[in-house]
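So this block is protein.txt, compact mmCIF, C-alpha atoms:
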```txt
# COMPACT_ATOMS: atom_id res chain seq x y z
CA MET A 574 -1.40 33.09 -46.62
CA ALA A 575 -2.40 29.43 -46.63
CA ASP A 576 0.41 27.17 -45.34
CA ALA A 577 3.04 29.89 -45.86
CA THR A 578 4.52 29.10 -42.43
CA PHE A 579 4.84 25.39 -43.24
CA TRP A 580 6.62 26.09 -46.54
CA ASP A 581 8.87 28.74 -45.02
CA LYS A 582 10.08 26.14 -42.52
CA ALA A 583 10.52 23.56 -45.28
CA ALA A 584 12.27 25.86 -47.76
CA ASN A 585 15.91 24.97 -47.10
CA LYS A 586 15.26 21.23 -46.98
CA TYR A 587 13.09 21.48 -50.09
CA ALA A 588 15.80 23.37 -51.97
CA ALA A 589 18.43 20.78 -51.03
CA SER A 590 16.29 17.79 -52.07
CA PRO A 591 17.13 16.33 -55.50
CA ILE A 592 14.40 15.75 -58.07
CA LYS A 593 13.27 12.16 -57.48
CA ASP A 594 12.51 11.23 -61.08
CA ILE A 595 14.57 13.39 -63.44
CA PRO A 596 13.38 11.69 -66.69
CA ALA A 597 9.74 12.28 -65.66
CA TYR A 598 10.50 15.91 -64.80
CA GLU A 599 12.23 16.48 -68.13
CA ASP A 600 9.40 14.80 -70.04
CA THR A 601 6.91 17.05 -68.25
CA LEU A 602 8.80 20.17 -69.28
CA ASP A 603 9.17 18.91 -72.85
CA ARG A 604 5.38 18.58 -73.09
CA ALA A 605 4.93 21.99 -71.49
CA ARG A 606 7.18 23.56 -74.13
CA HIS A 607 4.85 22.18 -76.80
CA TYR A 608 2.27 24.74 -75.64
CA LEU A 609 4.65 27.67 -75.17
CA HIS A 610 5.87 30.26 -77.68
CA ALA A 611 8.82 32.62 -77.80
CA ASP A 612 6.69 35.75 -77.31
CA ASP A 613 4.55 34.34 -74.44
CA HIS A 614 4.13 35.84 -71.00
CA LEU A 615 3.98 32.77 -68.77
CA LEU A 616 2.62 32.54 -65.22
CA GLU A 617 3.77 29.77 -62.91
CA VAL A 618 1.80 29.35 -59.68
CA GLY A 619 3.30 27.52 -56.72
CA CYS A 620 6.80 27.97 -58.12
CA GLY A 621 8.66 26.92 -54.96
CA THR A 622 12.37 27.63 -55.28
CA GLY A 623 12.07 28.57 -58.93
CA THR A 624 13.71 25.68 -60.78
CA THR A 625 10.91 25.20 -63.30
CA ALA A 626 10.34 28.91 -63.91
CA LEU A 627 14.03 29.45 -64.58
CA THR A 628 14.24 26.42 -66.86
CA LEU A 629 11.22 27.44 -68.92
CA SER A 630 12.39 31.07 -69.15
CA LYS A 631 14.39 30.12 -72.24
CA SER A 632 11.19 29.14 -74.07
CA VAL A 633 9.17 32.34 -73.50
CA LYS A 634 9.54 36.11 -73.44
CA ARG A 635 8.69 36.64 -69.77
CA VAL A 636 7.84 34.58 -66.69
CA MET A 637 5.98 35.69 -63.59
CA ALA A 638 6.30 33.06 -60.85
CA THR A 639 4.33 33.12 -57.60
CA ASP A 640 4.41 31.26 -54.31
CA VAL A 641 3.04 31.80 -50.79
CA SER A 642 6.44 31.25 -49.17
CA GLY A 643 8.76 34.22 -48.91
CA LYS A 644 11.68 31.96 -48.00
CA MET A 645 11.10 29.77 -51.06
CA LEU A 646 11.09 32.91 -53.21
CA ALA A 647 14.29 34.23 -51.63
CA ILE A 648 16.02 31.03 -52.72
CA ALA A 649 14.46 31.34 -56.18
CA GLU A 650 15.69 34.91 -56.56
CA SER A 651 19.20 33.91 -55.52
CA LYS A 652 19.22 31.15 -58.14
CA ARG A 653 17.93 33.57 -60.77
CA ASP A 654 20.61 36.13 -59.96
CA ASP A 655 23.37 33.49 -59.92
CA LYS A 656 22.30 32.35 -63.40
CA GLY A 657 22.01 35.92 -64.73
CA ILE A 658 18.44 35.37 -65.91
CA SER A 659 16.62 38.65 -66.49
CA ASN A 660 13.14 37.68 -67.76
CA VAL A 661 11.76 36.03 -64.60
CA SER A 662 10.04 37.88 -61.75
CA PHE A 663 9.07 36.25 -58.45
CA ILE A 664 6.09 37.48 -56.42
CA GLN A 665 4.73 36.30 -53.08
CA SER A 666 1.06 35.63 -53.69
CA GLU A 667 -1.70 33.12 -53.11
CA ILE A 668 -2.95 31.28 -56.17
CA THR A 669 -6.33 33.06 -56.16
CA LYS A 670 -4.97 36.61 -55.91
CA PRO A 671 -5.54 38.69 -59.09
CA LEU A 672 -2.31 39.77 -60.75
CA ALA A 673 -1.84 43.09 -62.50
CA ASP A 674 -0.05 41.47 -65.46
CA ALA A 675 -3.02 39.25 -66.34
CA PRO A 676 -4.17 37.92 -68.67
CA PHE A 677 -1.29 35.54 -69.43
CA ASP A 678 -0.61 33.50 -72.56
CA ALA A 679 -0.13 30.31 -70.52
CA ILE A 680 -0.10 29.13 -66.91
CA CYS A 681 1.94 26.33 -65.35
CA ALA A 682 0.71 24.70 -62.14
CA PHE A 683 3.02 21.86 -61.12
CA SER A 684 2.59 20.00 -57.81
CA ILE A 685 0.31 22.71 -56.43
CA LEU A 686 -3.37 22.09 -57.26
CA HIS A 687 -3.79 19.46 -54.51
CA LEU A 688 -2.45 21.99 -51.99
CA VAL A 689 -4.92 24.84 -52.51
CA ASP A 690 -7.82 25.56 -50.15
CA ASP A 691 -10.58 25.35 -52.78
CA LEU A 692 -9.65 23.79 -56.13
CA PRO A 693 -12.84 24.67 -58.09
CA LYS A 694 -12.42 28.29 -56.97
CA ALA A 695 -8.70 28.26 -57.88
CA LEU A 696 -9.34 26.83 -61.36
CA THR A 697 -12.08 29.36 -62.06
CA HIS A 698 -9.73 32.13 -61.00
CA LEU A 699 -6.88 30.83 -63.17
CA ARG A 700 -9.23 30.65 -66.14
CA GLY A 701 -9.83 34.36 -65.67
CA GLN A 702 -6.07 34.99 -65.61
CA LEU A 703 -5.65 33.35 -69.04
CA LYS A 704 -6.10 34.88 -72.45
CA PRO A 705 -8.84 33.22 -74.55
CA GLY A 706 -7.22 30.26 -76.26
CA GLY A 707 -4.49 30.05 -73.61
CA HIS A 708 -3.48 26.85 -71.84
CA ILE A 709 -3.01 25.81 -68.24
CA ILE A 710 -0.36 23.10 -67.98
CA SER A 711 -0.54 21.10 -64.77
CA LYS A 712 0.80 18.08 -62.95
CA THR A 713 -1.11 17.10 -59.83
CA ALA A 714 -1.02 14.36 -57.19
CA CYS A 715 -4.33 12.49 -57.23
CA LEU A 716 -4.05 10.91 -53.81
CA ARG A 717 -7.33 8.99 -53.97
CA ASP A 718 -5.79 6.92 -56.77
CA MET A 719 -3.07 5.71 -54.41
CA SER A 720 -4.52 3.93 -51.38
CA ARG A 721 -7.48 4.09 -49.04
CA PHE A 722 -4.98 4.57 -46.20
CA ILE A 723 -3.68 7.87 -47.59
CA PRO A 724 -6.27 10.15 -45.89
CA ALA A 725 -5.39 8.75 -42.45
CA MET A 726 -1.67 8.97 -43.17
CA VAL A 727 -1.94 12.60 -44.30
CA LYS A 728 -3.95 13.47 -41.17
CA VAL A 729 -1.26 12.00 -38.90
CA MET A 730 1.58 13.72 -40.78
CA LYS A 731 -0.22 17.05 -40.62
CA PHE A 732 -0.74 16.64 -36.85
CA PHE A 733 3.02 16.32 -36.39
CA GLY A 734 3.77 19.22 -38.73
CA LYS A 735 5.20 16.97 -41.44
CA ALA A 736 2.58 17.77 -44.11
CA PRO A 737 0.50 20.76 -45.21
CA ASP A 738 -3.24 20.69 -45.87
CA VAL A 739 -3.88 18.39 -48.84
CA LEU A 740 -6.95 17.88 -51.03
CA LEU A 741 -7.96 14.31 -51.78
CA PHE A 742 -9.37 13.53 -55.23
CA ASP A 743 -8.86 11.02 -58.03
CA THR A 744 -7.99 11.51 -61.69
CA ALA A 745 -11.60 11.59 -62.89
CA GLN A 746 -12.56 14.14 -60.24
CA LEU A 747 -9.61 16.36 -61.18
CA GLU A 748 -10.54 16.38 -64.86
CA ASP A 749 -14.18 17.06 -64.00
CA MET A 750 -13.15 20.10 -61.94
CA PHE A 751 -11.24 21.48 -64.93
CA ARG A 752 -14.32 21.09 -67.15
CA ARG A 753 -16.66 22.64 -64.59
CA ALA A 754 -14.32 25.63 -64.38
CA GLY A 755 -14.85 26.22 -68.10
CA PHE A 756 -11.76 24.55 -69.56
CA GLU A 757 -11.45 22.19 -72.51
CA ILE A 758 -9.05 19.34 -71.73
CA VAL A 759 -6.63 18.83 -74.61
CA GLU A 760 -4.09 16.38 -73.15
CA THR A 761 -3.77 14.07 -70.16
CA GLY A 762 -1.27 11.45 -69.11
CA HIS A 763 1.45 10.35 -66.71
CA PHE A 764 5.22 10.60 -66.75
CA GLY A 765 7.57 8.30 -64.91
CA LYS A 766 6.75 5.74 -62.25
CA SER A 767 4.16 7.69 -60.26
CA LYS A 768 0.88 6.81 -61.95
CA TYR A 769 -1.09 8.80 -59.39
CA VAL A 770 0.55 12.09 -60.51
CA HIS A 771 -1.68 13.26 -63.35
CA PHE A 772 -0.62 15.58 -66.18
CA VAL A 773 -3.42 17.76 -67.58
CA VAL A 774 -3.30 20.45 -70.24
CA ALA A 775 -6.53 22.42 -70.48
CA ARG A 776 -7.50 25.27 -72.77
CA ARG A 777 -9.61 28.33 -72.13
CA PRO A 778 -12.00 28.45 -75.10
CA ALA A 779 -11.45 31.40 -77.42
```
What is this file in structure tokens?
Amino acid sequence: MADATFWDKAANKYAASPIKDIPAYEDTLDRARHYLHADDHLLEVGCGTGTTALTLSKSVKRVMATDVSGKMLAIAESKRDDKGISNVSFIQSEITKPLADAPFDAICAFSILHLVDDLPKALTHLRGQLKPGGHIISKTACLRDMSRFIPAMVKVMKFFGKAPDVLLFDTAQLEDMFRRAGFEIVETGHFGKSKYVHFVVARRPA
């Protein structure tokens, strides 16, 4: 699985790291809830250690959360069990792997789309995992909006094992990839101080 080894090694440090911008995180989830319903079956891809899936579990009927890292998911399952949450299942899976429970009412993809191998392919796949009229709710780092030095910096960090493979695109390119995958964009924006992290809600046409 792509970069599973990197994220397995990073799992404990990742789990111990506090959320950098809590107001922005909470605002993101508030907007996500706007598109969720009590009887929904929600898919979260790239769920990491499960914080978002467990938080949103109160807003939907069921959550399936996937990640490539088995160690990340072990932490997520421990958190789920400690909280006594029964409507969240965690599965080790790449983002483009078909899931037996599809199609889903909604999909969340937070801090993951810039980490996939092939974003157009991933978006097309996720469209197929959604029910007609369903929404994908995403928040993605658009690194080309940051600085022209970012590509070189990422290359150096990856060489020393400090970064995974990362896709480089800007906000306009990200939105264009959603449209080319057959989505209708219904909301975009930013939360918090990081203007290069782009929030996109896109709908699969009915």
Within 10 Å of region 744-761 of chain A using all atoms listed in the file, minus same-chain residues under 5 positions, as a VMD selection string: chain A and resid 604 686 to 687 692 to 701 706 to 718 769 to 778
Keeping only C-alpha atoms, take the residues you just selected and write them out as a PDB file, in the coordinates of the input.
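As written to disk, part-v9.pdb reads:
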```pdb
ATOM      1  CA  ARG A 604       5.380  18.580 -73.090  1.00  0.00           C
ATOM      2  CA  LEU A 686      -3.370  22.090 -57.260  1.00  0.00           C
ATOM      3  CA  HIS A 687      -3.790  19.460 -54.510  1.00  0.00           C
ATOM      4  CA  LEU A 692      -9.650  23.790 -56.130  1.00  0.00           C
ATOM      5  CA  PRO A 693     -12.840  24.670 -58.090  1.00  0.00           C
ATOM      6  CA  LYS A 694     -12.420  28.290 -56.970  1.00  0.00           C
ATOM      7  CA  ALA A 695      -8.700  28.260 -57.880  1.00  0.00           C
ATOM      8  CA  LEU A 696      -9.340  26.830 -61.360  1.00  0.00           C
ATOM      9  CA  THR A 697     -12.080  29.360 -62.060  1.00  0.00           C
ATOM     10  CA  HIS A 698      -9.730  32.130 -61.000  1.00  0.00           C
ATOM     11  CA  LEU A 699      -6.880  30.830 -63.170  1.00  0.00           C
ATOM     12  CA  ARG A 700      -9.230  30.650 -66.140  1.00  0.00           C
ATOM     13  CA  GLY A 701      -9.830  34.360 -65.670  1.00  0.00           C
ATOM     14  CA  GLY A 706      -7.220  30.260 -76.260  1.00  0.00           C
ATOM     15  CA  GLY A 707      -4.490  30.050 -73.610  1.00  0.00           C
ATOM     16  CA  HIS A 708      -3.480  26.850 -71.840  1.00  0.00           C
ATOM     17  CA  ILE A 709      -3.010  25.810 -68.240  1.00  0.00           C
ATOM     18  CA  ILE A 710      -0.360  23.100 -67.980  1.00  0.00           C
ATOM     19  CA  SER A 711      -0.540  21.100 -64.770  1.00  0.00           C
ATOM     20  CA  LYS A 712       0.800  18.080 -62.950  1.00  0.00           C
ATOM     21  CA  THR A 713      -1.110  17.100 -59.830  1.00  0.00           C
ATOM     22  CA  ALA A 714      -1.020  14.360 -57.190  1.00  0.00           C
ATOM     23  CA  CYS A 715      -4.330  12.490 -57.230  1.00  0.00           C
ATOM     24  CA  LEU A 716      -4.050  10.910 -53.810  1.00  0.00           C
ATOM     25  CA  ARG A 717      -7.330   8.990 -53.970  1.00  0.00           C
ATOM     26  CA  ASP A 718      -5.790   6.920 -56.770  1.00  0.00           C
ATOM     27  CA  TYR A 769      -1.090   8.800 -59.390  1.00  0.00           C
ATOM     28  CA  VAL A 770       0.550  12.090 -60.510  1.00  0.00           C
ATOM     29  CA  HIS A 771      -1.680  13.260 -63.350  1.00  0.00           C
ATOM     30  CA  PHE A 772      -0.620  15.580 -66.180  1.00  0.00           C
ATOM     31  CA  VAL A 773      -3.420  17.760 -67.580  1.00  0.00           C
ATOM     32  CA  VAL A 774      -3.300  20.450 -70.240  1.00  0.00           C
ATOM     33  CA  ALA A 775      -6.530  22.420 -70.480  1.00  0.00           C
ATOM     34  CA  ARG A 776      -7.500  25.270 -72.770  1.00  0.00           C
ATOM     35  CA  ARG A 777      -9.610  28.330 -72.130  1.00  0.00           C
ATOM     36  CA  PRO A 778     -12.000  28.450 -75.100  1.00  0.00           C
TER      37      PRO A 778
END
```
Here is a test: counting only C-alpha atoms, which residue of A:Thr624, A:Glu667, A:Ser632, A:Phe677 is nearest to Ile592 (chain A)?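 The closest residue to Ile592 (chain A) is A:Thr624.
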To one decimal in Å, tell me the separation between CA of Ser642 (chain A) and CA of Gly657 (chain A). 22.5 Å
How many Å separate CA of Gly762 (chain A) from CA of Leu672 (chain A)?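 About the pair CA of Gly762 (chain A) and CA of Leu672 (chain A): they are 29.5 Å apart.
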So, with all atoms listed in the file as the atoms that count, which of A:Leu741, A:Val618, A:Leu627, A:Val633 lies closest to Ala682 (chain A)?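 Closest to Ala682 (chain A) of all the choices is A:Val618.
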With a distance cut-off of 10 Å and all atoms listed in the file, select the neighbouring residues of Glu617 (chain A), excluding the residue or stretch itself and same-chain residues fewer than 5 positions from it, and output the selection as a compact mmCIF listing (two decimals) with C-alpha atoms, in the coordinates of the input.
```
# COMPACT_ATOMS: atom_id res chain seq x y z
CA GLY A 623 12.07 28.57 -58.93
CA THR A 625 10.91 25.20 -63.30
CA ALA A 626 10.34 28.91 -63.91
CA LEU A 629 11.22 27.44 -68.92
CA VAL A 636 7.84 34.58 -66.69
CA MET A 637 5.98 35.69 -63.59
CA ALA A 638 6.30 33.06 -60.85
CA THR A 639 4.33 33.12 -57.60
CA ASP A 640 4.41 31.26 -54.31
CA PHE A 663 9.07 36.25 -58.45
CA ILE A 668 -2.95 31.28 -56.17
CA ALA A 679 -0.13 30.31 -70.52
CA ILE A 680 -0.10 29.13 -66.91
CA CYS A 681 1.94 26.33 -65.35
CA ALA A 682 0.71 24.70 -62.14
CA PHE A 683 3.02 21.86 -61.12
CA ILE A 709 -3.01 25.81 -68.24
CA ILE A 710 -0.36 23.10 -67.98
CA SER A 711 -0.54 21.10 -64.77
```
Select, from A:Lys631, A:Lys704, A:Lys670, A:Lys644, the residue with the minimum atom-to-atom distance to Arg606 (chain A), counting all atoms listed in the file. A:Lys631
